[in-house]
Amino acid sequence: MLFSIILPNYNSSRWINKCIDSILSQVYNDFELIIVDDMSTDDSVQKIKQYNDPRIKLIELDHKAYNGGTRNIGVANAKGEYILFIDCDDWVNSNMCLFNIMQEINKTHADLIRLPYIAYRDGKKGRVRLHENSLKDLVNSIFCAPWTKCVKREKFVPFPENTLLEDVVQHIAQVDNIESIGYCDTPFIIWNRSNPDAISSDTIKYDKNSKRYSSVYRNLAD
């Protein structure tokens, strides 16, 4: 199996079907979808259980694990050669995404493949957010969401748990644990900025903390 796609879920009833459907519609289907539910209180788990697809593995937690913990649990149960992440309120850009990532893997056999993305807000897609295809850009990228990277499972570094902006901390350690990078120029994720329950939608809190963490990150990157 080439890909294990890790999907943490918490109270995503409004978005979960769109997210899962975008994954299951992929032309390249050598993957498993591991959904880790973090004790949801809405009907999102019931919606997940309605899918009758052997590629889906649902893990229902009996304790809160939050962002870092749910992703780590998903990877611990993964069998794929490469790990991909997606958030429960986002969706995959097109049904050719996994195929295009697979082609880059076959060409480079890299430990980490960088993935562009597209932001979505108020019913409209924004421009494609591309990265520079360089190690320097990867190291210095403050916006380093897990779904901007496809990582070899054997090279994966666990997320710190029960902390804010755990993806920034993990990114530093992840970059330090790879030896080669590749780049796929097809946007992988539609980043949903229309979810009022997302952490990043709390603009004041997010901006305050991102500025604080980015300062630390810059020093560590240097």
# chains A, B, ... in the order shown; residues from 1 in each chain; ligands from 1

$ residues_around --residues "A:Ile83" --least-positions-apart "5" --cutoff "9 Å" --atoms "only C-alpha atoms" --output "list in words"
Leu2, Phe3, Ser4, Ile5, Ile6, Val75, Ala78, Lys149, Cys150, Val151, Lys152, Arg153 and Phe156 of chain A

$ residues_around --residues "stretch 116-130 of chain A" --least-positions-apart "4" --cutoff "9 Å" --atoms "only C-alpha atoms" --output "JSON list (two decimals) with C-alpha atoms, in the first residue's frame"
[["chain", "number", "residue", "atom", "x", "y", "z"],
["A", 93, "ASN", "CA", -8.75, 19.42, -4.69],
["A", 147, "TRP", "CA", -1.40, 18.54, 4.73],
["A", 148, "THR", "CA", 1.31, 20.48, 2.89],
["A", 149, "LYS", "CA", 3.61, 17.45, 3.13],
["A", 183, "TYR", "CA", 7.66, 18.63, -5.13],
["A", 184, "CYS", "CA", 4.21, 18.06, -6.60],
["A", 185, "ASP", "CA", 2.83, 21.12, -8.37],
["A", 186, "THR", "CA", -0.81, 19.94, -8.17],
["A", 187, "PRO", "CA", -2.69, 21.49, -5.20],
["A", 188, "PHE", "CA", -3.68, 18.72, -2.80],
["A", 189, "ILE", "CA", -6.00, 20.33, -0.25],
["A", 190, "ILE", "CA", -8.81, 22.85, -0.39],
["A", 191, "TRP", "CA", -8.20, 24.64, 2.91],
["A", 192, "ASN", "CA", -11.62, 25.58, 4.27],
["A", 193, "ARG", "CA", -11.46, 29.02, 5.89],
["A", 194, "SER", "CA", -15.29, 29.15, 6.25],
["A", 195, "ASN", "CA", -15.52, 26.92, 9.32]]

$ residues_around --residues "stretch 48-64 of chain A" --least-positions-apart "5" --cutoff "12 Å" --atoms "only C-alpha atoms" --output "PDB file with N, CA and C atoms, in the first residue's frame"
ATOM      1  N   MET A   1       0.847  -1.196   0.000  1.00  0.00           N
ATOM      2  CA  MET A   1       0.000   0.000   0.000  1.00  0.00           C
ATOM      3  C   MET A   1       0.881   1.244   0.000  1.00  0.00           C
ATOM      4  N   PHE A   3      -0.239   4.769   0.142  1.00  0.00           N
ATOM      5  CA  PHE A   3      -0.643   5.891   0.978  1.00  0.00           C
ATOM      6  C   PHE A   3      -1.496   5.463   2.168  1.00  0.00           C
ATOM      7  N   SER A   4      -1.229   6.070   3.307  1.00  0.00           N
ATOM      8  CA  SER A   4      -2.153   6.063   4.441  1.00  0.00           C
ATOM      9  C   SER A   4      -2.574   7.506   4.662  1.00  0.00           C
ATOM     10  N   ILE A   5      -3.868   7.781   4.539  1.00  0.00           N
ATOM     11  CA  ILE A   5      -4.391   9.130   4.722  1.00  0.00           C
ATOM     12  C   ILE A   5      -4.994   9.217   6.113  1.00  0.00           C
ATOM     13  N   ILE A   6      -4.488  10.123   6.930  1.00  0.00           N
ATOM     14  CA  ILE A   6      -4.910  10.245   8.320  1.00  0.00           C
ATOM     15  C   ILE A   6      -5.892  11.411   8.442  1.00  0.00           C
ATOM     16  N   LEU A   7      -7.083  11.102   8.956  1.00  0.00           N
ATOM     17  CA  LEU A   7      -8.147  12.103   9.070  1.00  0.00           C
ATOM     18  C   LEU A   7      -8.646  12.175  10.514  1.00  0.00           C
ATOM     19  N   PRO A   8      -8.171  13.148  11.308  1.00  0.00           N
ATOM     20  CA  PRO A   8      -8.744  13.344  12.641  1.00  0.00           C
ATOM     21  C   PRO A   8     -10.147  13.938  12.500  1.00  0.00           C
ATOM     22  N   ASN A   9     -11.072  13.477  13.325  1.00  0.00           N
ATOM     23  CA  ASN A   9     -12.447  13.983  13.250  1.00  0.00           C
ATOM     24  C   ASN A   9     -12.912  14.445  14.624  1.00  0.00           C
ATOM     25  N   TYR A  10     -13.553  15.608  14.628  1.00  0.00           N
ATOM     26  CA  TYR A  10     -14.250  16.063  15.827  1.00  0.00           C
ATOM     27  C   TYR A  10     -15.395  16.979  15.419  1.00  0.00           C
ATOM     28  N   ASN A  11     -16.616  16.527  15.652  1.00  0.00           N
ATOM     29  CA  ASN A  11     -17.830  17.324  15.419  1.00  0.00           C
ATOM     30  C   ASN A  11     -17.829  17.990  14.036  1.00  0.00           C
ATOM     31  N   SER A  12     -17.583  17.178  13.018  1.00  0.00           N
ATOM     32  CA  SER A  12     -17.471  17.725  11.660  1.00  0.00           C
ATOM     33  C   SER A  12     -18.674  17.364  10.792  1.00  0.00           C
ATOM     34  N   SER A  13     -19.840  17.233  11.398  1.00  0.00           N
ATOM     35  CA  SER A  13     -21.014  16.767  10.667  1.00  0.00           C
ATOM     36  C   SER A  13     -21.274  17.569   9.394  1.00  0.00           C
ATOM     37  N   TRP A  15     -19.166  18.950   7.359  1.00  0.00           N
ATOM     38  CA  TRP A  15     -18.169  18.841   6.299  1.00  0.00           C
ATOM     39  C   TRP A  15     -17.707  17.425   6.005  1.00  0.00           C
ATOM     40  N   ILE A  16     -17.947  16.470   6.889  1.00  0.00           N
ATOM     41  CA  ILE A  16     -17.271  15.171   6.811  1.00  0.00           C
ATOM     42  C   ILE A  16     -17.579  14.405   5.536  1.00  0.00           C
ATOM     43  N   ASN A  17     -18.813  14.459   5.047  1.00  0.00           N
ATOM     44  CA  ASN A  17     -19.140  13.729   3.821  1.00  0.00           C
ATOM     45  C   ASN A  17     -18.367  14.289   2.617  1.00  0.00           C
ATOM     46  N   LYS A  18     -18.279  15.599   2.529  1.00  0.00           N
ATOM     47  CA  LYS A  18     -17.534  16.221   1.423  1.00  0.00           C
ATOM     48  C   LYS A  18     -16.064  15.822   1.481  1.00  0.00           C
ATOM     49  N   CYS A  19     -15.529  15.779   2.681  1.00  0.00           N
ATOM     50  CA  CYS A  19     -14.131  15.392   2.862  1.00  0.00           C
ATOM     51  C   CYS A  19     -13.900  13.948   2.429  1.00  0.00           C
ATOM     52  N   ILE A  20     -14.683  13.031   2.955  1.00  0.00           N
ATOM     53  CA  ILE A  20     -14.504  11.607   2.646  1.00  0.00           C
ATOM     54  C   ILE A  20     -14.760  11.328   1.175  1.00  0.00           C
ATOM     55  N   ASP A  21     -15.817  11.914   0.612  1.00  0.00           N
ATOM     56  CA  ASP A  21     -16.138  11.689  -0.801  1.00  0.00           C
ATOM     57  C   ASP A  21     -14.991  12.121  -1.710  1.00  0.00           C
ATOM     58  N   ILE A  23     -11.898  12.008  -1.071  1.00  0.00           N
ATOM     59  CA  ILE A  23     -10.816  11.027  -0.955  1.00  0.00           C
ATOM     60  C   ILE A  23     -11.168   9.740  -1.703  1.00  0.00           C
ATOM     61  N   LEU A  24     -12.364   9.256  -1.496  1.00  0.00           N
ATOM     62  CA  LEU A  24     -12.773   7.990  -2.118  1.00  0.00           C
ATOM     63  C   LEU A  24     -12.901   8.100  -3.630  1.00  0.00           C
ATOM     64  N   SER A  25     -13.022   9.310  -4.168  1.00  0.00           N
ATOM     65  CA  SER A  25     -13.178   9.491  -5.614  1.00  0.00           C
ATOM     66  C   SER A  25     -11.848   9.529  -6.360  1.00  0.00           C
ATOM     67  N   ASN A  29      -6.131   4.502  -6.372  1.00  0.00           N
ATOM     68  CA  ASN A  29      -6.836   4.030  -5.177  1.00  0.00           C
ATOM     69  C   ASN A  29      -6.032   3.082  -4.295  1.00  0.00           C
ATOM     70  N   ASP A  30      -4.709   3.113  -4.390  1.00  0.00           N
ATOM     71  CA  ASP A  30      -3.887   2.280  -3.516  1.00  0.00           C
ATOM     72  C   ASP A  30      -3.631   3.033  -2.208  1.00  0.00           C
ATOM     73  N   PHE A  31      -4.673   3.125  -1.393  1.00  0.00           N
ATOM     74  CA  PHE A  31      -4.565   3.871  -0.147  1.00  0.00           C
ATOM     75  C   PHE A  31      -5.526   3.304   0.898  1.00  0.00           C
ATOM     76  N   GLU A  32      -5.279   3.676   2.140  1.00  0.00           N
ATOM     77  CA  GLU A  32      -6.223   3.444   3.219  1.00  0.00           C
ATOM     78  C   GLU A  32      -6.545   4.792   3.845  1.00  0.00           C
ATOM     79  N   LEU A  33      -7.762   4.928   4.338  1.00  0.00           N
ATOM     80  CA  LEU A  33      -8.196   6.151   5.008  1.00  0.00           C
ATOM     81  C   LEU A  33      -8.451   5.818   6.472  1.00  0.00           C
ATOM     82  N   ILE A  34      -7.613   6.358   7.347  1.00  0.00           N
ATOM     83  CA  ILE A  34      -7.737   6.096   8.777  1.00  0.00           C
ATOM     84  C   ILE A  34      -8.356   7.321   9.434  1.00  0.00           C
ATOM     85  N   ILE A  35      -9.572   7.158   9.936  1.00  0.00           N
ATOM     86  CA  ILE A  35     -10.296   8.256  10.594  1.00  0.00           C
ATOM     87  C   ILE A  35     -10.231   8.042  12.096  1.00  0.00           C
ATOM     88  N   VAL A  36      -9.696   9.017  12.807  1.00  0.00           N
ATOM     89  CA  VAL A  36      -9.570   8.932  14.263  1.00  0.00           C
ATOM     90  C   VAL A  36     -10.538   9.939  14.874  1.00  0.00           C
ATOM     91  N   ASP A  37     -11.589   9.441  15.500  1.00  0.00           N
ATOM     92  CA  ASP A  37     -12.588  10.329  16.087  1.00  0.00           C
ATOM     93  C   ASP A  37     -12.223  10.676  17.527  1.00  0.00           C
ATOM     94  N   ASP A  38     -12.165  11.977  17.798  1.00  0.00           N
ATOM     95  CA  ASP A  38     -11.721  12.480  19.098  1.00  0.00           C
ATOM     96  C   ASP A  38     -12.923  12.775  20.004  1.00  0.00           C
ATOM     97  N   MET A  39     -13.757  11.757  20.206  1.00  0.00           N
ATOM     98  CA  MET A  39     -14.925  11.832  21.082  1.00  0.00           C
ATOM     99  C   MET A  39     -15.924  12.900  20.620  1.00  0.00           C
ATOM    100  N   SER A  40     -16.350  12.812  19.375  1.00  0.00           N
ATOM    101  CA  SER A  40     -17.334  13.747  18.831  1.00  0.00           C
ATOM    102  C   SER A  40     -18.663  13.626  19.565  1.00  0.00           C
ATOM    103  N   THR A  41     -19.375  14.736  19.638  1.00  0.00           N
ATOM    104  CA  THR A  41     -20.691  14.751  20.286  1.00  0.00           C
ATOM    105  C   THR A  41     -21.812  15.023  19.286  1.00  0.00           C
ATOM    106  N   ASP A  42     -21.474  15.171  18.006  1.00  0.00           N
ATOM    107  CA  ASP A  42     -22.511  15.356  16.992  1.00  0.00           C
ATOM    108  C   ASP A  42     -22.736  14.033  16.267  1.00  0.00           C
ATOM    109  N   ASP A  43     -23.330  14.061  15.077  1.00  0.00           N
ATOM    110  CA  ASP A  43     -23.640  12.826  14.355  1.00  0.00           C
ATOM    111  C   ASP A  43     -22.603  12.506  13.276  1.00  0.00           C
ATOM    112  N   GLY A  69      -2.400  14.278  19.178  1.00  0.00           N
ATOM    113  CA  GLY A  69      -2.624  12.896  19.589  1.00  0.00           C
ATOM    114  C   GLY A  69      -3.382  12.077  18.560  1.00  0.00           C
ATOM    115  N   THR A  70      -4.430  12.658  17.957  1.00  0.00           N
ATOM    116  CA  THR A  70      -5.204  11.904  16.965  1.00  0.00           C
ATOM    117  C   THR A  70      -4.354  11.576  15.744  1.00  0.00           C
ATOM    118  N   ARG A  71      -3.530  12.506  15.322  1.00  0.00           N
ATOM    119  CA  ARG A  71      -2.663  12.232  14.171  1.00  0.00           C
ATOM    120  C   ARG A  71      -1.646  11.141  14.494  1.00  0.00           C
ATOM    121  N   ILE A  73      -1.969   8.710  16.651  1.00  0.00           N
ATOM    122  CA  ILE A  73      -2.680   7.424  16.718  1.00  0.00           C
ATOM    123  C   ILE A  73      -2.955   6.914  15.312  1.00  0.00           C
ATOM    124  N   GLY A  74      -3.343   7.813  14.414  1.00  0.00           N
ATOM    125  CA  GLY A  74      -3.576   7.405  13.038  1.00  0.00           C
ATOM    126  C   GLY A  74      -2.334   6.825  12.397  1.00  0.00           C
ATOM    127  N   VAL A  75      -1.200   7.482  12.570  1.00  0.00           N
ATOM    128  CA  VAL A  75       0.050   6.985  11.985  1.00  0.00           C
ATOM    129  C   VAL A  75       0.456   5.656  12.614  1.00  0.00           C
ATOM    130  N   ALA A  76       0.230   5.500  13.908  1.00  0.00           N
ATOM    131  CA  ALA A  76       0.585   4.252  14.593  1.00  0.00           C
ATOM    132  C   ALA A  76      -0.195   3.067  14.035  1.00  0.00           C
ATOM    133  N   ASN A  77      -1.358   3.325  13.449  1.00  0.00           N
ATOM    134  CA  ASN A  77      -2.178   2.256  12.873  1.00  0.00           C
ATOM    135  C   ASN A  77      -2.053   2.176  11.352  1.00  0.00           C
ATOM    136  N   ALA A  78      -1.153   2.947  10.774  1.00  0.00           N
ATOM    137  CA  ALA A  78      -1.022   3.023   9.318  1.00  0.00           C
ATOM    138  C   ALA A  78      -0.154   1.900   8.769  1.00  0.00           C
ATOM    139  N   LYS A  79      -0.434   1.513   7.535  1.00  0.00           N
ATOM    140  CA  LYS A  79       0.329   0.477   6.837  1.00  0.00           C
ATOM    141  C   LYS A  79       0.958   0.991   5.548  1.00  0.00           C
ATOM    142  N   GLY A  80       0.591   2.190   5.119  1.00  0.00           N
ATOM    143  CA  GLY A  80       1.093   2.719   3.859  1.00  0.00           C
ATOM    144  C   GLY A  80       2.550   3.113   3.936  1.00  0.00           C
ATOM    145  N   CYS A  88     -10.750  17.449   8.919  1.00  0.00           N
ATOM    146  CA  CYS A  88     -12.108  16.990   8.677  1.00  0.00           C
ATOM    147  C   CYS A  88     -13.012  18.031   8.029  1.00  0.00           C
ATOM    148  N   GLU A 161       1.919  16.571  21.865  1.00  0.00           N
ATOM    149  CA  GLU A 161       0.503  16.486  22.200  1.00  0.00           C
ATOM    150  C   GLU A 161       0.124  17.517  23.261  1.00  0.00           C
ATOM    151  N   ASN A 162      -1.141  17.912  23.215  1.00  0.00           N
ATOM    152  CA  ASN A 162      -1.701  18.873  24.179  1.00  0.00           C
ATOM    153  C   ASN A 162      -0.945  20.202  24.189  1.00  0.00           C
TER     154      ASN A 162
END

$ closest_residue --among "A:Asn140, A:Gln174, A:Gln26, A:Ser180" --to "A:Met96" --atoms "only C-alpha atoms"
A:Gln26

$ atom_distance --atom1 "atom CA of A:Glu154" --atom2 "atom CA of A:Phe85"
15.4 Å

$ select_by_dssp --residues "stretch 62-142 of chain A" --states "helix (DSSP H, G or I)" --output "ChimeraX atom specification"
/A:66-76,97-108,135-140

$ select_by_dssp --residues "stretch 45-179 of chain A" --states "strand (DSSP E or B)" --output "PyMOL selection string"
chain A and resi 56-60+82-85+91-92+112-114+117-121+124-129+149-152

$ closest_residue --among "A:Gly182, A:Ser141, A:Asp176, A:Asn67" --to "A:Ile86" --atoms "only C-alpha atoms"
A:Asn67
